[in-house]
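Visitor: Below is start-v2.txt; it holds compact mmCIF, C-alpha atoms and all ligand atoms.
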# COMPACT_ATOMS: atom_id res chain seq x y z
CA MET A 27 -21.48 66.70 51.17
CA GLU A 28 -23.01 63.18 51.35
CA ALA A 29 -22.53 61.08 54.49
CA GLN A 30 -20.32 58.04 53.85
CA LYS A 31 -22.22 55.33 55.72
CA ASN A 32 -20.12 52.51 54.24
CA TYR A 33 -16.68 54.01 54.69
CA LYS A 34 -13.86 51.48 55.29
CA ILE A 35 -10.56 52.30 56.98
CA THR A 36 -7.70 52.31 54.49
CA GLN A 37 -4.08 51.38 55.14
CA GLN A 38 -3.25 55.08 54.93
CA ASP A 39 -5.91 55.97 57.56
CA LYS A 40 -4.42 53.37 59.88
CA GLU A 41 -0.89 54.67 59.35
CA THR A 42 -2.08 58.24 60.02
CA PHE A 43 -3.79 57.14 63.24
CA GLU A 44 -0.78 55.14 64.41
CA ARG A 45 1.63 57.97 63.63
CA ASP A 46 -0.41 60.95 64.90
CA GLY A 47 -2.66 59.43 67.59
CA TYR A 48 -5.78 60.69 65.86
CA TRP A 49 -7.65 60.41 62.57
CA ILE A 50 -10.37 62.55 61.01
CA SER A 51 -13.21 60.67 59.34
CA PRO A 52 -15.26 61.66 56.34
CA LYS A 53 -18.77 62.92 57.04
CA LEU A 54 -20.54 60.07 58.88
CA LEU A 55 -23.89 61.69 59.75
CA ASP A 56 -26.39 62.96 57.23
CA ASP A 57 -27.95 66.38 57.60
CA ASP A 58 -31.25 65.08 59.03
CA GLN A 59 -29.41 63.14 61.70
CA ILE A 60 -27.34 66.23 62.57
CA ALA A 61 -30.57 68.25 62.93
CA ARG A 62 -32.08 65.55 65.16
CA LEU A 63 -28.97 65.46 67.34
CA ARG A 64 -28.97 69.23 67.68
CA ASN A 65 -32.57 68.92 68.83
CA ALA A 66 -31.47 66.15 71.25
CA HIS A 67 -29.09 68.69 72.82
CA ASP A 68 -31.97 71.14 73.39
CA ARG A 69 -34.10 68.41 74.92
CA ILE A 70 -31.34 67.13 77.22
CA TRP A 71 -30.43 70.59 78.55
CA GLY A 72 -34.16 71.21 79.04
CA GLY A 73 -34.62 67.97 81.06
CA ASP A 74 -36.89 66.34 78.45
CA TYR A 75 -35.89 62.66 78.44
CA ASP A 76 -36.88 59.59 76.39
CA GLY A 77 -37.82 56.35 78.16
CA ASP A 78 -38.85 55.73 81.74
CA GLY A 79 -35.41 55.75 83.34
CA TYR A 80 -33.23 58.36 84.98
CA PRO A 81 -29.96 59.93 83.83
CA MET A 82 -26.69 58.67 85.28
CA TYR A 83 -26.28 62.09 86.94
CA PRO A 84 -28.87 64.85 87.08
CA TYR A 85 -27.84 67.83 84.92
CA GLN A 86 -26.83 70.74 87.18
CA PRO A 87 -26.93 74.03 85.25
CA ASN A 88 -23.94 76.29 85.95
CA SER A 89 -24.70 79.90 86.90
CA ASN A 90 -21.94 81.05 84.49
CA PRO A 91 -23.50 81.13 80.98
CA GLU A 92 -20.01 80.70 79.44
CA ALA A 93 -19.31 77.43 81.29
CA LEU A 94 -18.94 74.15 79.39
CA ARG A 95 -21.98 71.86 79.70
CA LYS A 96 -21.38 68.13 79.73
CA PHE A 97 -23.77 65.24 80.24
CA ASP A 98 -22.48 61.67 80.63
CA ASN A 99 -24.32 58.69 79.15
CA GLY A 100 -26.84 60.68 77.17
CA TRP A 101 -27.75 57.36 75.53
CA TRP A 102 -29.60 56.30 78.70
CA ILE A 103 -32.18 59.03 78.20
CA ASN A 104 -32.13 60.06 74.55
CA ASP A 105 -32.93 57.82 71.55
CA GLU A 106 -30.98 59.87 68.99
CA VAL A 107 -27.85 59.89 71.13
CA GLN A 108 -28.27 56.15 71.67
CA SER A 109 -28.48 55.52 67.95
CA VAL A 110 -25.30 57.48 67.16
CA VAL A 111 -23.06 56.25 70.01
CA THR A 112 -23.98 52.60 69.35
CA ASP A 113 -23.71 52.94 65.56
CA PRO A 114 -22.01 49.84 64.08
CA LEU A 115 -20.12 52.12 61.68
CA LEU A 116 -18.37 53.92 64.57
CA GLY A 117 -17.60 50.48 65.99
CA GLU A 118 -16.13 49.11 62.78
CA LEU A 119 -13.98 52.19 62.13
CA THR A 120 -12.68 51.99 65.70
CA ALA A 121 -12.06 48.24 65.52
CA ASP A 122 -10.03 48.70 62.34
CA LEU A 123 -8.02 51.63 63.70
CA LEU A 124 -7.27 49.87 67.01
CA GLY A 125 -6.70 46.49 65.34
CA VAL A 126 -9.27 44.56 67.41
CA ASP A 127 -12.30 42.38 66.60
CA GLU A 128 -15.01 43.80 68.85
CA ILE A 129 -15.94 47.25 70.14
CA ARG A 130 -18.17 48.17 73.06
CA LEU A 131 -19.33 51.51 74.38
CA TRP A 132 -17.42 52.64 77.49
CA HIS A 133 -19.60 55.72 77.93
CA ASP A 134 -20.71 58.78 76.02
CA GLN A 135 -20.71 62.51 76.58
CA VAL A 136 -22.98 65.22 75.24
CA ILE A 137 -20.91 68.42 75.20
CA TYR A 138 -22.06 72.02 74.69
CA LYS A 139 -19.55 74.86 74.62
CA PRO A 140 -21.26 78.27 74.69
CA GLY A 141 -20.08 81.00 72.33
CA THR A 142 -18.60 84.13 73.91
CA SER A 143 -19.05 86.43 70.86
CA GLY A 144 -15.37 87.40 70.96
CA LYS A 145 -15.00 87.77 74.72
CA ALA A 146 -11.87 86.23 76.25
CA SER A 147 -13.07 83.60 78.73
CA SER A 148 -11.63 80.28 79.87
CA ALA A 149 -14.93 78.98 81.32
CA GLY A 150 -15.52 76.73 78.30
CA ASN A 151 -11.95 75.42 78.07
CA VAL A 152 -11.20 71.72 78.28
CA GLY A 153 -7.73 71.34 79.81
CA TRP A 154 -5.05 69.24 78.13
CA HIS A 155 -5.57 65.68 79.31
CA GLN A 156 -5.31 62.00 78.38
CA ASP A 157 -8.61 60.10 78.49
CA TYR A 158 -6.87 57.06 79.94
CA GLY A 159 -5.84 59.32 82.83
CA TYR A 160 -9.49 58.76 83.91
CA TRP A 161 -9.85 55.18 82.69
CA GLN A 162 -7.12 53.34 84.57
CA CYS A 163 -9.63 50.82 85.90
CA ALA A 164 -9.81 49.44 82.35
CA SER A 165 -7.41 46.63 81.44
CA THR A 166 -6.12 48.27 78.25
CA THR A 167 -4.95 51.67 77.07
CA ASN A 168 -6.00 50.67 73.55
CA MET A 169 -9.25 52.65 73.76
CA MET A 170 -10.74 55.34 71.56
CA THR A 171 -12.77 58.53 71.61
CA ALA A 172 -14.90 59.48 68.62
CA TRP A 173 -15.77 63.19 68.83
CA ILE A 174 -18.62 64.03 66.45
CA ALA A 175 -19.20 67.62 65.33
CA LEU A 176 -22.78 68.90 64.99
CA GLN A 177 -21.64 72.06 63.15
CA ASP A 178 -18.55 73.04 61.23
CA THR A 179 -15.87 73.23 63.91
CA ASP A 180 -12.47 74.91 63.99
CA LEU A 181 -10.41 76.86 66.49
CA ASN A 182 -12.65 79.94 66.22
CA ASN A 183 -15.57 78.07 67.79
CA GLY A 184 -13.46 76.25 70.39
CA GLY A 185 -12.63 73.11 68.41
CA MET A 186 -10.49 70.41 69.89
CA MET A 187 -6.73 70.17 69.44
CA THR A 188 -4.63 67.05 69.79
CA ILE A 189 -0.91 66.84 70.55
CA LEU A 190 0.70 65.11 67.63
CA GLY A 191 2.09 61.68 68.47
CA SER A 192 1.50 62.06 72.23
CA HIS A 193 -0.16 58.61 72.39
CA LYS A 194 3.42 57.25 72.22
CA TRP A 195 4.40 58.95 75.49
CA GLY A 196 2.61 56.36 77.66
CA LEU A 197 0.41 57.33 80.58
CA ILE A 198 1.65 60.59 82.12
CA PRO A 199 1.02 60.99 85.88
CA ASP A 200 -1.97 63.17 86.84
CA SER A 201 -3.10 63.59 83.25
CA ASP A 202 -6.78 63.58 84.33
CA SER A 203 -7.00 67.35 83.91
CA PHE A 204 -10.12 67.91 81.75
CA PHE A 205 -11.44 70.44 84.28
CA ASN A 206 -8.23 72.49 84.69
CA GLN A 207 -8.86 75.44 82.37
CA ASN A 208 -5.32 76.82 82.53
CA MET A 209 -3.99 75.46 79.24
CA GLU A 210 -0.59 77.15 79.56
CA GLU A 211 0.07 75.72 83.00
CA LEU A 212 -0.87 72.23 81.78
CA LYS A 213 1.29 72.54 78.70
CA ARG A 214 4.31 73.45 80.86
CA LYS A 215 3.56 70.51 83.13
CA TYR A 216 3.12 67.85 80.43
CA ALA A 217 5.41 68.98 77.62
CA GLY A 218 8.61 68.55 79.65
CA GLY A 219 11.36 68.05 77.08
CA ARG A 220 8.88 66.54 74.60
CA GLU A 221 7.95 67.99 71.27
CA TRP A 222 4.54 69.67 71.80
CA VAL A 223 2.75 70.14 68.48
CA GLU A 224 -0.87 71.32 68.71
CA GLU A 225 -2.99 70.02 65.84
CA PRO A 226 -6.44 71.57 65.36
CA CYS A 227 -9.23 69.08 64.59
CA ILE A 228 -11.02 70.93 61.82
CA LEU A 229 -14.32 69.22 61.09
CA LYS A 230 -17.36 69.78 58.94
CA ALA A 231 -20.71 69.02 60.59
CA GLY A 232 -21.12 65.24 60.73
CA GLN A 233 -17.39 64.45 60.63
CA ALA A 234 -15.69 62.84 63.62
CA SER A 235 -12.19 62.91 64.99
CA PHE A 236 -11.01 59.64 66.50
CA HIS A 237 -8.28 59.92 69.13
CA HIS A 238 -6.39 57.25 71.06
CA ALA A 239 -6.95 57.14 74.84
CA LEU A 240 -3.34 58.24 75.45
CA THR A 241 -3.41 61.19 73.02
CA PHE A 242 -3.29 64.54 74.83
CA HIS A 243 -6.10 66.85 73.73
CA GLY A 244 -7.99 69.91 74.92
CA SER A 245 -9.87 72.94 73.62
CA GLY A 246 -10.07 76.70 74.10
CA THR A 247 -12.61 79.50 73.92
CA ASN A 248 -15.55 79.41 71.52
CA LEU A 249 -15.23 82.96 70.20
CA SER A 250 -18.21 82.63 67.87
CA ASP A 251 -21.75 83.72 68.73
CA GLN A 252 -23.14 80.16 68.46
CA PRO A 253 -22.70 77.21 70.82
CA ARG A 254 -20.35 74.40 69.76
CA LEU A 255 -22.33 71.13 70.00
CA SER A 256 -20.89 67.62 69.92
CA ILE A 257 -21.63 64.02 70.76
CA VAL A 258 -18.72 61.96 72.02
CA ALA A 259 -18.49 58.16 72.07
CA HIS A 260 -15.80 56.61 74.28
CA LEU A 261 -15.11 53.11 73.01
CA MET A 262 -13.20 50.01 74.16
CA PRO A 263 -12.22 46.62 72.79
CA GLY A 264 -14.79 43.90 73.59
CA SER A 265 -12.20 42.09 75.72
CA THR A 266 -11.71 44.98 78.19
CA THR A 267 -11.92 43.94 81.85
CA TYR A 268 -11.83 45.62 85.26
CA LYS A 269 -8.43 46.38 86.76
CA ALA A 270 -9.24 46.44 90.45
CA ARG A 271 -8.30 49.13 92.95
CA VAL A 272 -6.18 51.24 90.65
CA GLN A 273 -8.47 54.23 90.26
CA ARG A 274 -12.10 55.02 90.90
CA HIS A 275 -14.41 55.47 87.91
CA ASP A 276 -18.19 55.51 88.02
CA ASN A 277 -18.36 52.75 85.39
CA VAL A 278 -17.12 50.30 88.04
CA ARG A 279 -20.49 50.63 89.77
CA LEU A 280 -22.11 49.36 86.59
CA LEU A 281 -20.39 45.99 87.15
CA GLY A 282 -22.57 45.41 90.21
CA PRO A 283 -22.04 45.65 93.95
CA ARG A 284 -19.07 43.24 94.16
CA PRO A 285 -16.92 43.78 91.07
CA TYR A 286 -13.88 41.54 90.78
CA ASP A 287 -10.49 42.01 89.17
CA GLY A 288 -10.68 40.74 85.59
CA GLN A 289 -14.47 41.09 85.34
CA PRO A 290 -15.44 41.89 81.74
CA PHE A 291 -17.02 45.28 81.07
CA GLU A 292 -20.04 43.79 79.29
CA GLY A 293 -23.83 43.60 79.51
CA HIS A 294 -26.52 46.25 79.12
CA TYR A 295 -24.39 49.17 80.26
CA PHE A 296 -21.60 48.41 77.76
CA PRO A 297 -23.36 47.61 74.47
CA THR A 298 -21.50 46.07 71.56
CA LEU A 299 -21.27 48.33 68.50
CA PHE A 300 -19.38 45.93 66.27
CA LYS A 301 -18.11 42.37 66.27
CA ARG A 302 -16.11 40.88 63.41
CA ASN A 303 -17.51 37.65 61.93
O1 LIG A 401 -15.06 68.75 73.70
C1 LIG A 401 -13.87 68.99 73.91
O2 LIG A 401 -13.36 70.06 73.61
C2 LIG A 401 -12.99 67.93 74.49
C3 LIG A 401 -13.69 66.66 74.71
C4 LIG A 401 -12.81 65.57 75.21
O3 LIG A 401 -11.95 65.76 75.99
C5 LIG A 401 -13.01 64.24 74.68
O4 LIG A 401 -13.89 64.06 73.83
O5 LIG A 401 -12.28 63.30 75.06
Just give me the structure as structure tokens.
Guide:
Amino acid sequence: MEAQKNYKITQQDKETFERDGYWISPKLLDDDQIARLRNAHDRIWGGDYDGDGYPMYPYQPNSNPEALRKFDNGWWINDEVQSVVTDPLLGELTADLLGVDEIRLWHDQVIYKPGTSGKASSAGNVGWHQDYGYWQCASTTNMMTAWIALQDTDLNNGGMMTILGSHKWGLIPDSDSFFNQNMEELKRKYAGGREWVEEPCILKAGQASFHHALTFHGSGTNLSDQPRLSIVAHLMPGSTTYKARVQRHDNVRLLGPRPYDGQPFEGHYFPTLFKRN
């Protein structure tokens, strides 16, 4: 399958995204880029960094080999990750889906879910959550996550699931539950009387799923014998500003020592991917 580097969002894509809270792209990365990004994973987990800077947080290996590995702002220390999470194509697709004119990077994540070779284990689970549950210091909920698969991904290797239409539920209290690995408990808590439909994001290597910041999503065990690798770009409209004293997020530090309410999230830490002419 060829990568579609010039893909444009259609009216049908937009309607799908607005109805379901997520949209699956065609293949966006070519095979060489996928290979380079898989190599970037190896280098990051091995502490081999590009440039002369330091990571946002040092990577702390977990003693449990089945635990999920996650590295925030891989773009600070890896050139390949930088090139994919600041790709104008990701920006344009997001701008069109969200209906805005400019897209900046909020932050990225490099995520590695080990395979358990069939063993039942919840150590790699990502609990049902809403991304905006973590991002309440941002002035808008109209934000996006692009989750890019570096291998074919389905439920057998711990692929992500979204809850159909849950972006229309608004912000649910305490939905910042990425690290709670008890999916059943979370489902009981959040579903309430709502219709809870779990949609698997089935992706070929190089495809991305785009989900709205209010869409509930999570993922279960990678039962395969290979790790599930992904690169994740969290994206915001160019007009996003700081909403003061609502909730702590490490991005607020990137505004400087005395951030103020209404301060734009802009500058070197929040690069622009796309701006409409
Ligand atoms: O990698 C996963 O399974 C979930 C990642 C996630 O929560 C996200 O990309 O927003």
Visitor: How would you write, as a PyMOL selection string, the set of residues no farther than 6 Å from ligand LIG 401 (chain A) when counting all atoms listed in the file?
Guide: chain A and resi 152+157+171+173+186+244-245+258
Visitor: Nearest to Gly79 in chain A: which of A:Gly150, A:Pro283, A:Gly100, A:Gly288 is it, counting all atoms listed in the file?
Guide: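 Counting all atoms listed in the file, the residue closest to Gly79 in chain A is A:Gly100.
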Visitor: Hey, which of A:Gly77, A:Pro114, A:Pro290, A:Pro140 ends up closest to Leu255 in chain A? Count only C-alpha atoms.
Guide: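 Counting only C-alpha atoms, the residue closest to Leu255 in chain A is A:Pro140.
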Visitor: Using all atoms listed in the file, which residue out of A:Trp154, A:Tyr138, A:Tyr80, A:Phe97 lies closest to Thr188 in chain A?
Guide: A:Trp154
Visitor: Neighbours of range 31-44 of chain A within 8 Å (all atoms listed in the file; same-chain residues fewer than 3 positions away dropped), as a ChimeraX atom specification?
Guide: /A:47-49,52,54-55,115,119,122-123,237
Visitor: State, in Å with one decimal place, the distance from CA of Asn65 in chain A to CA of Gln30 in chain A.
Guide: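 Taking CA of Asn65 in chain A as the start and CA of Gln30 in chain A as the end point, the length is 22.2 Å.
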Visitor: Give me the residues within 9 Å of range 134-137 of chain A as a count of residues only, counting all atoms listed in the file and dropping any in the same chain fewer than 6 places off.
Guide: 20
Visitor: Pick out the closest residue to Arg279 in chain A from this set: A:Asp46, A:Glu224, A:Ala66, A:Tyr295. Count all atoms listed in the file.
Guide: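 The shortest atom-to-atom distance to Arg279 in chain A comes from A:Tyr295.
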Visitor: How many Å lie between CA of Pro81 in chain A and CA of Asn104 in chain A, rounded to one decimal?
Guide: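 Going from CA of Pro81 in chain A over to CA of Asn104 in chain A covers 9.5 Å.
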Visitor: What is the CA of Ser143 in chain A to CA of Leu176 in chain A distance in Å?
Guide: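 These two atoms are separated by 18.9 Å.
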Visitor: Would you kindly return, as a compact mmCIF listing (two decimals) with C-alpha atoms, in the frame of the given file, each protein, DNA or RNA residue with an atom no farther than 7 Å from any atom of Ser165 in chain A, considering only C-alpha atoms and excluding same-chain residues fewer than 4 positions away?
Guide:
# COMPACT_ATOMS: atom_id res chain seq x y z
CA THR A 266 -11.71 44.98 78.19
CA THR A 267 -11.92 43.94 81.85
CA TYR A 268 -11.83 45.62 85.26
CA LYS A 269 -8.43 46.38 86.76
Visitor: Tell me which of A:Ser250, A:Ile103, A:Gln59, A:Ser147 sits closest to Gly73 in chain A, counting all atoms listed in the file.
Guide: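 Ranked by minimum distance to Gly73 in chain A, first place goes to A:Ile103.
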Visitor: Could you tell me which of A:Glu225, A:Asn183, A:Gly219, A:Tyr158 comes closest to Pro199 in chain A if we count all atoms listed in the file?
Guide: A:Tyr158
